[in-house]
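Below is one structure, written out as structure tokens, with a few remarks after it.
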Amino acid sequence: MELERFLFLTVDGLARGAVLAVFALSLVLIWRAARIINFSQGAIAMAATYLAFVVTSATGNYWLGLVAALLGGAAIGFVVERGVMRYVSSVNPLNSVIAALGVLLVIQAIIGMLFGNGYHPMQVPFSQSPLPWLAGLSISAYDLFVFACVGFVVIGLAVLFGKTNVGLRMRAAAFSPELARLLGVRSNRMITLGWMLASALSALAALLVVPTELGLNPHSTDAVFVYAFTIAVVGGLDSAPGAVVGGLVVGVLLSWVSGYLGATLSPVAVLVLLLAVLLIKPGGIFSVTKERTA
Amino acid sequence: MSDLLTLNGVSAGYGPVSVLHGIELAVPERSITAVVGANGAGKTTLLRTIMGQIRPSAGSIRMGGTDLSKVKVEDMVRNGLALVPEGRGVITELTVDENLRLGGLWRGNSAESSRTLAEVYELFEPLQNRRKSAGHQLSGGERQMLAIGRALMAKPKLLLLDEPSLGLAPRITAQILQLLGRLRDETGLTVLLIEQNVRSALSVADHGVVLNLGRVVAARPAAELAADTDLRHTYLGF
């Protein structure tokens, strides 16, 4: 009985953590591309999830909603970067934080005006009850779908950044925009592309996690953003593997704490973890070593 | 020999601070032109202006039939210019291989790029053994090789180098300057070299240009400049 509960909590935590990892990856992407912590990421993802909700409600097809969320997320990312963030002075990092918080408020207000503040239940494409042939592990078909999506994203990003020319250009523009321009890279375009990709990823994460919670509401990604932010900092804001591992660790931690100690304690546990990492290794667990200076 | 790059009456600066005043400069094809001068003479500003990072407030910069003062920084490489920036500007987070690939990406032809990549590795053997090393793991000399190799990946008509000898051992500096001479002779590359290390630069260059407080004070064959003791004493401090 004890073991079964432990397995259930662990698997549940891994599934939740995998989604949080995708969200954290989206924060890492924007941080790497533009050195901005995008506090409006949750709102962008939430708006894209509303788009999925509208499309799925109208057509009855989950997959069309998924595509709409990805494309809609990318489009919102494009508008936010080209319309607002590009013009924010980078002299003081606080400027971009305030601008992003402004975008967050605007998006939440627009969605609130359009859809109200009530909860909309969202459908999922697969059952959320444990699969009989994996009874001991308490994995549902939906969990498997989530793992598959996250695996696809992680592999896709690794291929994009490690193997393709576009990925190389994006990394160059992120690390050294001026030098990249001298080498013929259209750095501004690459930064916009980074925002679009990140926003589509966060939309996917929101679409995966929202149905497993209370439902869709203008604030339904607020907590997800806080957890993902913690994960990104814990893993090291510059590190994609850090976001993935951090996501799984935080997901399991949240699940164990809420399962064994009580649900109200899980946000506290995450903040304790954040504090501990910031005190012991402020660059994040996976932060890379400093540049050789000699 | 016709001129590949010509600057006519170019003035430029940073906001209200004017650094270059009416620069006249001609870089003949298939030659090495060295721009020398003391600290603060405006050498780096001159390169930044040619590369479009600073726009001239007056004058024209022409290469072939193109007016470079209207070309965007990211399009300079498409017009045949490649810069080796000051301080061994490699992207330290990327590997040697990635830095080099990046240099040739704008051409979009992968077969041709891999051929050029092989040539560059042949030219800089030490880099071959460090293909997978990140830029920050390289020594100063290796980084300079990488920065030059990356610029060559772009197959430029005009190679611009900003203080390639800075912080390098004399032996490495000599090797790099010799290499530029070889590239000029074997591939017909045109080089515009900015140097504080006047003696070495003039020893390899065909033409020398002395810059002082943002003005060209002499433009003559390099050997002549090197032999002009008065000029050296007045502007170059040796």
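Letters A, B, ... go to the chains of the structure tokens in the order shown; residues in each chain start at 1; ligands are counted from 1 in the same order.
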
- Query: When the cut-off is 12 Å and we count only C-alpha atoms, which residues of chain A are near chain B, given as a PyMOL selection string?
  - Reply: chain A and resi 32+161-189+238+288-294

Generate a file of the selected residues that holds N, CA and C atoms, formatted as a tab-separated table (two decimals), in the first residue's frame.
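Heads up, here's the output in again-v6.tsv:
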chain	number	residue	atom	x	y	z
A	32	ARG	N	17.87	33.17	-22.98
A	32	ARG	CA	19.07	33.02	-23.80
A	32	ARG	C	19.02	33.92	-25.03
A	161	PHE	N	18.74	23.04	-32.15
A	161	PHE	CA	19.88	23.86	-31.75
A	161	PHE	C	21.22	23.18	-32.02
A	162	GLY	N	21.23	21.85	-32.03
A	162	GLY	CA	22.49	21.14	-32.20
A	162	GLY	C	22.83	20.83	-33.64
A	163	LYS	N	21.81	20.68	-34.49
A	163	LYS	CA	22.09	20.14	-35.83
A	163	LYS	C	21.73	21.08	-36.98
A	164	THR	N	20.87	22.04	-36.76
A	164	THR	CA	20.41	22.82	-37.92
A	164	THR	C	21.10	24.19	-38.00
A	165	ASN	N	21.09	24.75	-39.19
A	165	ASN	CA	21.68	26.06	-39.40
A	165	ASN	C	20.89	27.16	-38.69
A	166	VAL	N	19.56	27.03	-38.71
A	166	VAL	CA	18.73	28.02	-38.01
A	166	VAL	C	19.07	28.02	-36.53
A	167	GLY	N	19.21	26.82	-35.96
A	167	GLY	CA	19.54	26.71	-34.55
A	167	GLY	C	20.88	27.34	-34.24
A	168	LEU	N	21.85	27.12	-35.12
A	168	LEU	CA	23.18	27.71	-34.93
A	168	LEU	C	23.09	29.23	-34.98
A	169	ARG	N	22.30	29.75	-35.94
A	169	ARG	CA	22.13	31.20	-36.04
A	169	ARG	C	21.46	31.75	-34.77
A	170	MET	N	20.45	31.01	-34.27
A	170	MET	CA	19.75	31.48	-33.08
A	170	MET	C	20.69	31.53	-31.88
A	171	ARG	N	21.53	30.49	-31.75
A	171	ARG	CA	22.47	30.47	-30.62
A	171	ARG	C	23.48	31.59	-30.74
A	172	ALA	N	23.98	31.80	-31.97
A	172	ALA	CA	24.96	32.87	-32.17
A	172	ALA	C	24.35	34.22	-31.82
A	173	ALA	N	23.12	34.44	-32.30
A	173	ALA	CA	22.45	35.72	-32.03
A	173	ALA	C	22.20	35.89	-30.54
A	174	ALA	N	21.94	34.76	-29.85
A	174	ALA	CA	21.66	34.84	-28.42
A	174	ALA	C	22.92	35.15	-27.62
A	175	PHE	N	24.01	34.49	-27.97
A	175	PHE	CA	25.24	34.65	-27.20
A	175	PHE	C	25.93	35.97	-27.52
A	176	SER	N	25.88	36.36	-28.78
A	176	SER	CA	26.71	37.49	-29.20
A	176	SER	C	26.07	38.20	-30.39
A	177	PRO	N	24.99	38.95	-30.15
A	177	PRO	CA	24.22	39.49	-31.27
A	177	PRO	C	25.03	40.36	-32.23
A	178	GLU	N	25.93	41.19	-31.70
A	178	GLU	CA	26.69	42.08	-32.58
A	178	GLU	C	27.64	41.31	-33.48
A	179	LEU	N	28.36	40.36	-32.87
A	179	LEU	CA	29.29	39.53	-33.63
A	179	LEU	C	28.53	38.71	-34.67
A	180	ALA	N	27.36	38.19	-34.27
A	180	ALA	CA	26.57	37.38	-35.19
A	180	ALA	C	26.16	38.22	-36.41
A	181	ARG	N	25.81	39.48	-36.19
A	181	ARG	CA	25.41	40.34	-37.32
A	181	ARG	C	26.59	40.52	-38.28
A	182	LEU	N	27.78	40.68	-37.72
A	182	LEU	CA	28.97	40.83	-38.57
A	182	LEU	C	29.19	39.58	-39.43
A	183	LEU	N	28.69	38.44	-38.94
A	183	LEU	CA	28.85	37.19	-39.69
A	183	LEU	C	27.66	36.94	-40.61
A	184	GLY	N	26.78	37.93	-40.72
A	184	GLY	CA	25.67	37.81	-41.67
A	184	GLY	C	24.38	37.27	-41.06
A	185	VAL	N	24.36	37.07	-39.74
A	185	VAL	CA	23.14	36.56	-39.09
A	185	VAL	C	22.20	37.73	-38.83
A	186	ARG	N	20.94	37.57	-39.21
A	186	ARG	CA	19.96	38.62	-38.92
A	186	ARG	C	19.49	38.44	-37.48
A	187	SER	N	20.27	39.03	-36.57
A	187	SER	CA	20.08	38.76	-35.14
A	187	SER	C	18.68	39.11	-34.65
A	188	ASN	N	18.15	40.24	-35.10
A	188	ASN	CA	16.82	40.64	-34.63
A	188	ASN	C	15.77	39.60	-35.00
A	189	ARG	N	15.90	39.08	-36.22
A	189	ARG	CA	14.95	38.09	-36.67
A	189	ARG	C	15.07	36.82	-35.82
A	238	ASP	N	20.47	29.62	-18.04
A	238	ASP	CA	21.09	29.43	-19.35
A	238	ASP	C	21.07	27.99	-19.82
A	288	VAL	N	26.91	26.90	-16.32
A	288	VAL	CA	28.18	26.53	-16.94
A	288	VAL	C	29.32	27.31	-16.29
A	289	THR	N	30.51	26.77	-16.44
A	289	THR	CA	31.67	27.42	-15.83
A	289	THR	C	31.98	28.73	-16.54
A	290	LYS	N	32.64	29.58	-15.82
A	290	LYS	CA	32.98	30.89	-16.38
A	290	LYS	C	33.98	30.76	-17.51
A	291	GLU	N	33.95	31.79	-18.35
A	291	GLU	CA	34.87	31.85	-19.49
A	291	GLU	C	36.31	31.90	-19.01
A	292	ARG	N	37.18	31.22	-19.75
A	292	ARG	CA	38.60	31.30	-19.46
A	292	ARG	C	39.06	32.72	-19.76
A	293	THR	N	39.77	33.35	-18.81
A	293	THR	CA	40.13	34.75	-19.01
A	293	THR	C	41.59	34.93	-19.36
A	294	ALA	N	42.39	33.91	-19.10
A	294	ALA	CA	43.83	34.06	-19.35
A	294	ALA	C	44.13	34.06	-20.85

- Task: Fewer than 3 positions away in the same chain doesn't count, so skip those; otherwise give me all residues within 6 Å of region 250-257 of chain A, counting only C-alpha atoms, as an NGL selection string.
- Result: :A and (9-10 or 13-14 or 16-17 or 246-247 or 260-261 or 266)

With C-alpha atoms kept, could you save the residues just selected as a PDB file, in the first residue's frame?
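Result file result13.pdb:
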ATOM      1  CA  LEU A   9       2.903  10.201  -6.199  1.00  0.00           C
ATOM      2  CA  THR A  10       6.194   9.828  -8.048  1.00  0.00           C
ATOM      3  CA  GLY A  13       4.950  14.248  -9.996  1.00  0.00           C
ATOM      4  CA  LEU A  14       7.009  13.249 -13.024  1.00  0.00           C
ATOM      5  CA  ARG A  16       3.449  17.308 -13.822  1.00  0.00           C
ATOM      6  CA  GLY A  17       7.158  18.026 -13.688  1.00  0.00           C
ATOM      7  CA  GLY A 246      14.859  20.805 -12.662  1.00  0.00           C
ATOM      8  CA  GLY A 247      11.316  20.346 -13.926  1.00  0.00           C
ATOM      9  CA  TYR A 260       2.778  13.152   2.468  1.00  0.00           C
ATOM     10  CA  LEU A 261       2.709  16.531   4.185  1.00  0.00           C
ATOM     11  CA  SER A 266       3.924  22.356  -1.647  1.00  0.00           C
TER      12      SER A 266
END

- Who sits within 7 Å of region 42-46 of chain A, only C-alpha atoms, same chain under 3 positions skipped, as a VMD selection string: chain A and resid 49 to 50 73 76 104 107 to 108 199 202 to 203 206 218 221 to 222 225

With C-alpha atoms retained, export the selected residues as a CSV table (one decimal), in the first residue's frame.
chain,number,residue,atom,x,y,z
A,49,THR,CA,-5.0,28.0,-24.3
A,50,TYR,CA,-8.2,30.1,-24.6
A,73,GLY,CA,1.2,31.2,-29.0
A,76,ILE,CA,1.3,36.3,-29.6
A,104,LEU,CA,0.7,40.2,-18.5
A,107,ILE,CA,-3.5,40.1,-21.7
A,108,GLN,CA,-5.3,39.0,-18.5
A,199,SER,CA,5.6,31.2,-26.7
A,202,SER,CA,4.6,27.6,-23.1
A,203,ALA,CA,1.3,27.3,-24.9
A,206,ALA,CA,-0.4,25.3,-20.5
A,218,PRO,CA,-7.5,34.1,-16.9
A,221,THR,CA,-1.2,29.7,-15.5
A,222,ASP,CA,-0.1,32.0,-12.6
A,225,PHE,CA,4.6,30.3,-14.2

- Message: Just checking: using only C-alpha atoms, which residue out of B:Leu211, B:Leu231, B:Ala223, B:Ala174 ends up closest to His21 (chain B)?
- Response: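 Checking each candidate against His21 (chain B), we get B:Leu211 as the closest.
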
- DSSP helix (DSSP H, G or I) residues within region 70-179 of chain B, as a PyMOL selection string: chain B and resi 70+73-79+96-107+110-123+125-128+135-137+140-153+170-179

Mind writing the picked residues with C-alpha atoms as a PDB file, in the first residue's frame?
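The resulting file, selection04.pdb, is reproduced below:
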ATOM      1  CA  LYS B  70      23.665  52.211 -46.988  1.00  0.00           C
ATOM      2  CA  VAL B  73      25.830  45.319 -40.909  1.00  0.00           C
ATOM      3  CA  GLU B  74      24.442  41.828 -41.487  1.00  0.00           C
ATOM      4  CA  ASP B  75      24.625  42.311 -45.262  1.00  0.00           C
ATOM      5  CA  MET B  76      28.292  43.373 -45.347  1.00  0.00           C
ATOM      6  CA  VAL B  77      29.400  39.753 -45.553  1.00  0.00           C
ATOM      7  CA  ARG B  78      27.101  39.333 -48.576  1.00  0.00           C
ATOM      8  CA  ASN B  79      28.981  42.223 -50.199  1.00  0.00           C
ATOM      9  CA  VAL B  96      35.398  25.669 -32.947  1.00  0.00           C
ATOM     10  CA  ASP B  97      33.418  23.804 -35.590  1.00  0.00           C
ATOM     11  CA  GLU B  98      30.276  25.836 -34.960  1.00  0.00           C
ATOM     12  CA  ASN B  99      32.161  29.143 -35.065  1.00  0.00           C
ATOM     13  CA  LEU B 100      33.639  28.203 -38.409  1.00  0.00           C
ATOM     14  CA  ARG B 101      30.366  26.911 -39.840  1.00  0.00           C
ATOM     15  CA  LEU B 102      28.698  30.147 -38.799  1.00  0.00           C
ATOM     16  CA  GLY B 103      31.198  32.101 -40.863  1.00  0.00           C
ATOM     17  CA  GLY B 104      30.130  30.341 -44.064  1.00  0.00           C
ATOM     18  CA  LEU B 105      26.407  30.071 -43.346  1.00  0.00           C
ATOM     19  CA  TRP B 106      25.350  33.107 -45.340  1.00  0.00           C
ATOM     20  CA  ARG B 107      26.456  31.400 -48.537  1.00  0.00           C
ATOM     21  CA  SER B 110      26.715  23.278 -47.807  1.00  0.00           C
ATOM     22  CA  ALA B 111      28.955  21.365 -50.262  1.00  0.00           C
ATOM     23  CA  GLU B 112      31.028  24.454 -50.927  1.00  0.00           C
ATOM     24  CA  SER B 113      31.070  25.302 -47.217  1.00  0.00           C
ATOM     25  CA  SER B 114      32.427  21.901 -46.236  1.00  0.00           C
ATOM     26  CA  ARG B 115      35.153  22.316 -48.840  1.00  0.00           C
ATOM     27  CA  THR B 116      36.109  25.698 -47.413  1.00  0.00           C
ATOM     28  CA  LEU B 117      35.955  24.223 -43.899  1.00  0.00           C
ATOM     29  CA  ALA B 118      38.483  21.570 -44.872  1.00  0.00           C
ATOM     30  CA  GLU B 119      40.727  24.270 -46.356  1.00  0.00           C
ATOM     31  CA  VAL B 120      40.542  26.344 -43.189  1.00  0.00           C
ATOM     32  CA  TYR B 121      41.428  23.343 -41.020  1.00  0.00           C
ATOM     33  CA  GLU B 122      44.357  22.684 -43.320  1.00  0.00           C
ATOM     34  CA  LEU B 123      45.478  26.279 -42.890  1.00  0.00           C
ATOM     35  CA  GLU B 125      46.158  22.741 -38.037  1.00  0.00           C
ATOM     36  CA  PRO B 126      45.923  23.322 -34.280  1.00  0.00           C
ATOM     37  CA  LEU B 127      42.194  23.992 -34.697  1.00  0.00           C
ATOM     38  CA  GLN B 128      41.651  20.605 -36.272  1.00  0.00           C
ATOM     39  CA  GLY B 135      35.676  28.853 -27.807  1.00  0.00           C
ATOM     40  CA  HIS B 136      36.403  29.697 -24.168  1.00  0.00           C
ATOM     41  CA  GLN B 137      38.722  26.712 -23.850  1.00  0.00           C
ATOM     42  CA  GLY B 140      44.762  33.388 -27.249  1.00  0.00           C
ATOM     43  CA  GLY B 141      46.617  32.298 -30.366  1.00  0.00           C
ATOM     44  CA  GLU B 142      44.052  29.605 -31.156  1.00  0.00           C
ATOM     45  CA  ARG B 143      41.254  32.099 -30.764  1.00  0.00           C
ATOM     46  CA  GLN B 144      42.890  34.477 -33.197  1.00  0.00           C
ATOM     47  CA  MET B 145      43.303  31.619 -35.669  1.00  0.00           C
ATOM     48  CA  LEU B 146      39.643  30.761 -35.193  1.00  0.00           C
ATOM     49  CA  ALA B 147      38.531  34.350 -35.755  1.00  0.00           C
ATOM     50  CA  ILE B 148      40.577  34.572 -38.965  1.00  0.00           C
ATOM     51  CA  GLY B 149      39.477  31.111 -40.099  1.00  0.00           C
ATOM     52  CA  ARG B 150      35.861  32.062 -39.528  1.00  0.00           C
ATOM     53  CA  ALA B 151      36.271  35.222 -41.597  1.00  0.00           C
ATOM     54  CA  LEU B 152      37.855  33.165 -44.401  1.00  0.00           C
ATOM     55  CA  MET B 153      34.859  30.804 -44.315  1.00  0.00           C
ATOM     56  CA  PRO B 170      55.631  37.907 -31.234  1.00  0.00           C
ATOM     57  CA  ARG B 171      56.150  34.519 -32.856  1.00  0.00           C
ATOM     58  CA  ILE B 172      52.402  33.981 -33.277  1.00  0.00           C
ATOM     59  CA  THR B 173      51.965  37.529 -34.571  1.00  0.00           C
ATOM     60  CA  ALA B 174      54.653  36.911 -37.160  1.00  0.00           C
ATOM     61  CA  GLN B 175      52.960  33.672 -38.239  1.00  0.00           C
ATOM     62  CA  ILE B 176      49.601  35.383 -38.634  1.00  0.00           C
ATOM     63  CA  LEU B 177      51.046  38.249 -40.667  1.00  0.00           C
ATOM     64  CA  GLN B 178      52.952  35.807 -42.864  1.00  0.00           C
ATOM     65  CA  LEU B 179      49.734  33.923 -43.444  1.00  0.00           C
TER      66      LEU B 179
END

- What lies within 7 Å of Glu163 (chain B) using only C-alpha atoms, ignoring chain neighbours under 3 positions off, as a PyMOL selection string? chain B and resi 86+166+194-196

Please save C-alpha atoms of the selected residues as a PDB file, in the first residue's frame.
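Produced file selection.pdb, reproduced below:
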ATOM      1  CA  GLU B  86      39.531  43.167 -31.968  1.00  0.00           C
ATOM      2  CA  LEU B 166      47.007  42.358 -29.590  1.00  0.00           C
ATOM      3  CA  ILE B 194      44.621  47.900 -38.425  1.00  0.00           C
ATOM      4  CA  GLU B 195      47.680  47.658 -36.215  1.00  0.00           C
ATOM      5  CA  GLN B 196      49.432  49.302 -33.317  1.00  0.00           C
TER       6      GLN B 196
END

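Across B:Leu20, B:Pro28, B:Val36, B:Ala12, the tightest approach to Pro56 (chain B) is made by B:Ala12 when counting only C-alpha atoms.
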
- Which residues, written as a count of residues only, have at least one atom at most 12 Å from Thr56 (chain A), with only C-alpha atoms counted and residues fewer than 2 positions away on the same chain left out? 24

- Message: Could you pull out the strand (DSSP E or B) residues of region 49-253 of chain A, going by DSSP on the backbone, and write them as a ChimeraX atom specification?
- Response: /A:120,130,140,216

Could you dump the residues just selected with N, CA and C atoms as a PDB file, in the first residue's frame?
ATOM      1  N   HIS A 120     -13.615  27.398 -17.142  1.00  0.00           N
ATOM      2  CA  HIS A 120     -14.129  26.585 -18.234  1.00  0.00           C
ATOM      3  C   HIS A 120     -13.446  25.227 -18.184  1.00  0.00           C
ATOM      4  N   PRO A 130      -5.910   5.437 -14.437  1.00  0.00           N
ATOM      5  CA  PRO A 130      -4.730   4.583 -14.613  1.00  0.00           C
ATOM      6  C   PRO A 130      -4.994   3.448 -15.596  1.00  0.00           C
ATOM      7  N   SER A 140      -1.659   6.985 -16.432  1.00  0.00           N
ATOM      8  CA  SER A 140      -2.835   7.054 -17.294  1.00  0.00           C
ATOM      9  C   SER A 140      -2.388   7.255 -18.733  1.00  0.00           C
ATOM     10  N   LEU A 216      -9.958  26.193 -17.147  1.00  0.00           N
ATOM     11  CA  LEU A 216      -9.380  27.389 -17.756  1.00  0.00           C
ATOM     12  C   LEU A 216      -9.974  28.655 -17.163  1.00  0.00           C
TER      13      LEU A 216
END

- Task: Excluding Val97 (chain A) and any residue of its chain fewer than 3 positions from it, enumerate the residues within 8 Å of it, using only C-alpha atoms, and give them as a PyMOL selection string.
- Result: chain A and resi 36-39+93-94+100-101

Could you write out that same residue set with C-alpha atoms as a PDB file, in the first residue's frame?
ATOM      1  CA  ILE A  36      14.872  38.927 -20.486  1.00  0.00           C
ATOM      2  CA  ILE A  37      12.917  37.003 -17.877  1.00  0.00           C
ATOM      3  CA  ASN A  38       9.545  37.029 -19.510  1.00  0.00           C
ATOM      4  CA  PHE A  39       7.011  37.560 -16.744  1.00  0.00           C
ATOM      5  CA  PRO A  93      17.083  44.880 -16.459  1.00  0.00           C
ATOM      6  CA  LEU A  94      14.144  46.126 -14.402  1.00  0.00           C
ATOM      7  CA  ALA A 100       6.546  42.186 -19.300  1.00  0.00           C
ATOM      8  CA  LEU A 101       4.371  42.600 -16.205  1.00  0.00           C
TER       9      LEU A 101
END
